[in-house]
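Structure file start-v2.pdb with PDB, C-alpha atoms:
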```
ATOM      1  CA  MET J 692       0.000   0.000   0.000
ATOM      2  CA  LYS J 693       1.377   3.370  -0.981
ATOM      3  CA  GLN J 694       1.591   5.927   1.816
ATOM      4  CA  LYS J 695      -0.093   9.246   1.070
ATOM      5  CA  TRP J 696       1.541  12.391   2.411
ATOM      6  CA  SER J 697      -0.771  15.275   3.183
ATOM      7  CA  THR J 698       0.472  18.846   3.193
ATOM      8  CA  GLN J 699      -0.005  18.927   6.956
ATOM      9  CA  LYS J 700       2.101  15.802   7.436
ATOM     10  CA  MET J 701       4.878  17.316   5.320
ATOM     11  CA  VAL J 702       4.704  20.526   7.364
ATOM     12  CA  TYR J 703       4.868  18.597  10.652
ATOM     13  CA  THR J 704       7.822  16.587   9.360
ATOM     14  CA  ALA J 705       9.622  19.790   8.361
ATOM     15  CA  ALA J 706       8.763  21.469  11.669
ATOM     16  CA  LEU J 707      10.151  18.529  13.649
ATOM     17  CA  ALA J 708      13.259  18.496  11.438
ATOM     18  CA  ALA J 709      13.729  22.205  12.202
ATOM     19  CA  LEU J 710      13.281  21.474  15.910
ATOM     20  CA  VAL J 711      15.899  18.718  15.778
ATOM     21  CA  CYS J 712      18.293  21.113  14.029
ATOM     22  CA  ALA J 713      17.617  23.971  16.474
ATOM     23  CA  VAL J 714      17.984  21.820  19.588
ATOM     24  CA  THR J 715      21.382  20.639  18.325
ATOM     25  CA  PHE J 716      22.687  24.199  18.811
ATOM     26  CA  PHE J 717      22.197  23.918  22.560
ATOM     27  CA  ARG J 718      25.153  21.775  23.542
ATOM     28  CA  PHE J 719      28.000  21.822  25.971
ATOM     29  CA  PRO J 720      31.311  19.968  26.049
ATOM     30  CA  LEU J 721      31.724  17.017  28.398
ATOM     31  CA  PHE J 722      34.137  14.073  28.370
ATOM     32  CA  GLY J 723      35.722  15.178  25.096
ATOM     33  CA  SER J 724      32.416  15.257  23.272
ATOM     34  CA  LYS J 725      29.204  17.309  23.244
ATOM     35  CA  ILE J 726      26.050  16.807  25.309
ATOM     36  CA  HIS J 727      22.750  17.869  23.758
ATOM     37  CA  PHE J 728      19.066  16.933  23.545
ATOM     38  CA  ALA J 729      18.942  16.477  19.782
ATOM     39  CA  ASN J 730      18.672  12.697  20.207
ATOM     40  CA  ALA J 731      15.636  13.206  22.441
ATOM     41  CA  MET J 732      14.024  15.235  19.654
ATOM     42  CA  CYS J 733      14.855  12.486  17.148
ATOM     43  CA  LEU J 734      13.145   9.901  19.359
ATOM     44  CA  LEU J 735      10.214  12.254  19.935
ATOM     45  CA  SER J 736       9.845  12.611  16.154
ATOM     46  CA  GLY J 737       9.541   8.844  15.854
ATOM     47  CA  LEU J 738       6.987   8.639  18.652
ATOM     48  CA  LEU J 739       4.887  11.468  17.259
ATOM     49  CA  MET J 740       4.938  10.662  13.555
ATOM     50  CA  GLY J 741       5.767   7.001  13.174
ATOM     51  CA  PRO J 742       8.716   5.244  11.534
ATOM     52  CA  LEU J 743       8.976   6.892   8.126
ATOM     53  CA  ALA J 744       7.987  10.502   8.822
ATOM     54  CA  GLY J 745       9.661  10.469  12.240
ATOM     55  CA  GLY J 746      12.824   9.003  10.743
ATOM     56  CA  LEU J 747      12.828  11.627   8.010
ATOM     57  CA  ALA J 748      12.384  14.442  10.528
ATOM     58  CA  ALA J 749      15.238  13.094  12.662
ATOM     59  CA  GLY J 750      17.560  12.475   9.717
ATOM     60  CA  LEU J 751      16.837  15.707   7.877
ATOM     61  CA  GLY J 752      17.079  17.889  10.986
ATOM     62  CA  SER J 753      20.380  16.316  12.010
ATOM     63  CA  VAL J 754      21.897  16.478   8.540
ATOM     64  CA  LEU J 755      20.729  20.077   8.169
ATOM     65  CA  TYR J 756      22.712  21.009  11.262
ATOM     66  CA  ASP J 757      25.788  19.029  10.173
ATOM     67  CA  ALA J 758      25.778  20.416   6.625
ATOM     68  CA  LEU J 759      25.101  24.052   7.462
ATOM     69  CA  PHE J 760      26.648  24.533  10.886
ATOM     70  CA  GLY J 761      28.738  21.472  11.731
ATOM     71  CA  GLY J 762      31.235  21.744   8.913
ATOM     72  CA  TYR J 763      30.894  18.110   7.919
ATOM     73  CA  ASP J 764      31.585  16.668   4.495
ATOM     74  CA  LEU J 765      29.092  14.806   2.320
ATOM     75  CA  LEU J 766      30.049  11.362   3.632
ATOM     76  CA  ASN J 767      29.619  12.354   7.276
ATOM     77  CA  CYS J 768      26.323  14.071   6.466
ATOM     78  CA  ALA J 769      25.071  10.904   4.766
ATOM     79  CA  ILE J 770      26.105   8.821   7.770
ATOM     80  CA  THR J 771      24.365  11.283  10.092
ATOM     81  CA  PHE J 772      21.172  11.055   8.052
ATOM     82  CA  VAL J 773      21.162   7.258   8.066
ATOM     83  CA  THR J 774      22.002   6.835  11.768
ATOM     84  CA  LYS J 775      19.539   9.462  13.036
ATOM     85  CA  PHE J 776      16.836   8.174  10.670
ATOM     86  CA  LEU J 777      17.382   4.637  11.969
ATOM     87  CA  MET J 778      17.317   5.765  15.611
ATOM     88  CA  ALA J 779      13.861   7.337  15.167
ATOM     89  CA  TRP J 780      12.681   4.530  12.868
ATOM     90  CA  ILE J 781      13.647   1.791  15.346
ATOM     91  CA  CYS J 782      12.006   3.709  18.189
ATOM     92  CA  ALA J 783       8.793   4.200  16.209
ATOM     93  CA  LYS J 784       8.684   0.602  14.954
ATOM     94  CA  ILE J 785       8.690  -0.625  18.559
ATOM     95  CA  ALA J 786       6.271   2.042  19.832
ATOM     96  CA  PHE J 787       3.819   1.421  16.982
ATOM     97  CA  SER J 788       4.091  -2.393  17.004
ATOM     98  CA  GLY J 789       1.132  -4.526  17.905
ATOM     99  CA  GLY J 790      -1.306  -1.813  16.840
ATOM    100  CA  LYS J 791      -0.397   0.305  19.861
ATOM    101  CA  GLU J 792       0.290   3.517  17.888
ATOM    102  CA  ALA J 793       2.637   4.744  20.645
ATOM    103  CA  SER J 794      -0.162   4.584  23.235
ATOM    104  CA  SER J 795       1.688   2.538  25.870
ATOM    105  CA  HIS J 796       4.058   4.547  28.082
ATOM    106  CA  SER J 797       6.099   1.473  29.000
ATOM    107  CA  ARG J 798       6.416   0.438  25.343
ATOM    108  CA  ASN J 799       7.361   4.018  24.385
ATOM    109  CA  THR J 800      10.049   4.059  27.065
ATOM    110  CA  LEU J 801      11.394   0.710  25.847
ATOM    111  CA  ALA J 802      11.292   2.032  22.280
ATOM    112  CA  CYS J 803      13.326   5.078  23.304
ATOM    113  CA  VAL J 804      15.875   2.927  25.149
ATOM    114  CA  VAL J 805      16.351   0.627  22.143
ATOM    115  CA  GLY J 806      16.420   3.531  19.664
ATOM    116  CA  ALA J 807      18.957   5.524  21.697
ATOM    117  CA  LEU J 808      21.214   2.532  22.338
ATOM    118  CA  SER J 809      21.017   1.576  18.657
ATOM    119  CA  TYR J 810      22.303   5.032  17.798
ATOM    120  CA  VAL J 811      25.182   4.692  20.291
ATOM    121  CA  ALA J 812      26.131   1.367  18.701
ATOM    122  CA  MET J 813      26.020   2.884  15.193
ATOM    123  CA  TYR J 814      28.084   5.896  16.325
ATOM    124  CA  MET J 815      30.705   3.634  17.915
ATOM    125  CA  LEU J 816      30.818   1.511  14.742
ATOM    126  CA  LYS J 817      31.270   4.649  12.624
ATOM    127  CA  THR J 818      34.067   5.823  14.941
ATOM    128  CA  PHE J 819      35.822   2.464  14.716
ATOM    129  CA  ILE J 820      35.555   2.256  10.929
ATOM    130  CA  PHE J 821      36.810   5.807  10.446
ATOM    131  CA  GLN J 822      39.701   5.363  12.877
ATOM    132  CA  MET J 823      40.829   2.060  11.364
ATOM    133  CA  PHE J 824      40.054   2.344   7.668
ATOM    134  CA  VAL J 825      39.723   6.017   6.799
ATOM    135  CA  TYR J 826      42.439   7.477   9.017
ATOM    136  CA  GLY J 827      44.554   4.300   9.154
ATOM    137  CA  TYR J 828      45.190   4.410  12.908
ATOM    138  CA  PRO J 829      46.198   1.263  14.770
ATOM    139  CA  MET J 830      43.599  -0.742  16.714
ATOM    140  CA  GLU J 831      44.747   0.674  20.056
ATOM    141  CA  THR J 832      44.107   4.239  18.886
ATOM    142  CA  ALA J 833      40.686   3.315  17.553
ATOM    143  CA  VAL J 834      39.741   1.686  20.859
ATOM    144  CA  VAL J 835      40.982   4.673  22.877
ATOM    145  CA  THR J 836      39.065   7.085  20.643
ATOM    146  CA  MET J 837      35.913   5.006  20.993
ATOM    147  CA  GLY J 838      36.446   4.876  24.751
ATOM    148  CA  SER J 839      36.759   8.654  24.910
ATOM    149  CA  LYS J 840      33.499   9.148  22.982
ATOM    150  CA  LEU J 841      31.445   6.473  24.724
ATOM    151  CA  PRO J 842      30.709   8.300  28.031
ATOM    152  CA  ALA J 843      29.235  11.368  26.306
ATOM    153  CA  SER J 844      27.321   9.166  23.862
ATOM    154  CA  LEU J 845      25.828   7.158  26.701
ATOM    155  CA  LEU J 846      24.992  10.342  28.612
ATOM    156  CA  ASN J 847      23.213  11.715  25.527
ATOM    157  CA  ALA J 848      21.393   8.398  25.164
ATOM    158  CA  ILE J 849      20.277   8.384  28.807
ATOM    159  CA  ALA J 850      19.064  11.990  28.550
ATOM    160  CA  ALA J 851      17.140  11.091  25.382
ATOM    161  CA  MET J 852      15.670   7.935  26.965
ATOM    162  CA  ILE J 853      14.329  10.024  29.847
ATOM    163  CA  ALA J 854      13.281  13.199  28.012
ATOM    164  CA  ALA J 855      11.545  11.787  24.918
ATOM    165  CA  PRO J 856       8.836   9.700  26.645
ATOM    166  CA  ILE J 857       8.137  12.526  29.114
ATOM    167  CA  LEU J 858       7.836  15.116  26.338
ATOM    168  CA  TYR J 859       5.643  12.763  24.338
ATOM    169  CA  ALA J 860       3.315  12.140  27.287
ATOM    170  CA  ALA J 861       3.090  15.900  27.861
ATOM    171  CA  LEU J 862       2.348  16.751  24.212
ATOM    172  CA  ILE J 863      -0.104  14.004  23.312
ATOM    173  CA  PRO J 864      -3.174  15.305  25.203
ATOM    174  CA  ALA J 865      -2.899  18.753  23.592
ATOM    175  CA  LEU J 866      -2.269  17.340  20.103
ATOM    176  CA  ARG J 867      -5.162  14.904  20.459
ATOM    177  CA  HIS J 868      -7.500  17.598  21.828
ATOM    178  CA  ALA J 869      -6.625  19.908  18.916
ATOM    179  CA  GLY J 870      -7.185  17.083  16.413
ATOM    180  CA  GLN J 871      -3.605  17.357  15.173
ATOM    181  CA  LEU J 872      -2.222  13.956  16.180
ATOM    182  CA  GLU J 873      -4.248  12.195  13.516
ATOM    183  CA  LYS J 874      -3.059  14.717  10.926
ATOM    184  CA  MET J 875       0.561  14.103  11.890
ATOM    185  CA  ARG J 876       0.158  10.374  11.412
ATOM    186  CA  ALA J 877      -2.219  10.367   8.436
TER     187      ALA J 877
END
```
Show me, as structure tokens, the structure contained in the file I just sent.
Amino acid sequence: MKQKWSTQKMVYTAALAALVCAVTFFRFPLFGSKIHFANAMCLLSGLLMGPLAGGLAAGLGSVLYDALFGGYDLLNCAITFVTKFLMAWICAKIAFSGGKEASSHSRNTLACVVGALSYVAMYMLKTFIFQMFVYGYPMETAVVTMGSKLPASLLNAIAAMIAAPILYAALIPALRHAGQLEKMRA
């Protein structure tokens, strides 16, 4: 079955992508990396809009930041799009499984945990591949670099796991009351 995209759904996807991009600006250095709530917004996009639209919002918002403000090259932007898309997609697939449509708080929390940890795993894999095969560093250097990035990545993941389900639970009553939730998911 072909999915139909209404103008409102496209606007919501773009608005969430812009939110993901904007939230990425608010970061601070910690443990040799950066702490931010962009991952929470990526997970929230998945919970609000479902796998495809939520994944697109997460991927597009993240790649928009990287391309315009992060100074990343095309390859890194493509990797960012894929990993952030997959984080939101995995989260939404779990939250929307079994016909639940992200209506179970415990399932949504589990979905956020799995989505956030999936992203950490993909980020660590990217770091390893780049260290070993792009930069040509020895295994020890790759492991040390991964070890230096892991604490901040896990901290970002934990913040996202906590913030996304809480934000979702806070937003859903207002979106449902205004009749907008159905339009986001249509």
Distance of CA of Ala713 in chain J from CA of Ile853 in chain J, expressed in Å to one decimal place: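 Going from CA of Ile853 in chain J over to CA of Ala713 in chain J, I get 19.6 Å.
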Interatomic distance, CA of Thr698 in chain J to CA of Thr774 in chain J (Å, one decimal):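 Interatomic distance here is 26.1 Å.
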Counting all atoms listed in the file, the residue of J:Met732, J:Lys700, J:Leu766, J:Val714 that sits nearest Tyr859 in chain J: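 The shortest atom-to-atom distance to Tyr859 in chain J comes from J:Met732.
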Counting only C-alpha atoms, the residue of J:Ile726, J:Leu816, J:Ala786, J:Cys712 that sits nearest Arg798 in chain J: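 With only C-alpha atoms as the atom set, the closest residue is J:Ala786.
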Between CA of Gly752 in chain J and CA of Ala709 in chain J, distance in Å (one decimal):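 According to the coordinates, CA of Gly752 in chain J and CA of Ala709 in chain J are separated by 5.6 Å.
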Six-sided padding of 8 Å per side, axis-aligned box over range 783-795 of chain J, centre and edges in Å, one decimal, as lines of an AutoDock Vina configuration file:
```
center_x = 3.7
center_y = 0.1
center_z = 20.4
size_x = 26.1
size_y = 25.3
size_z = 26.9
```
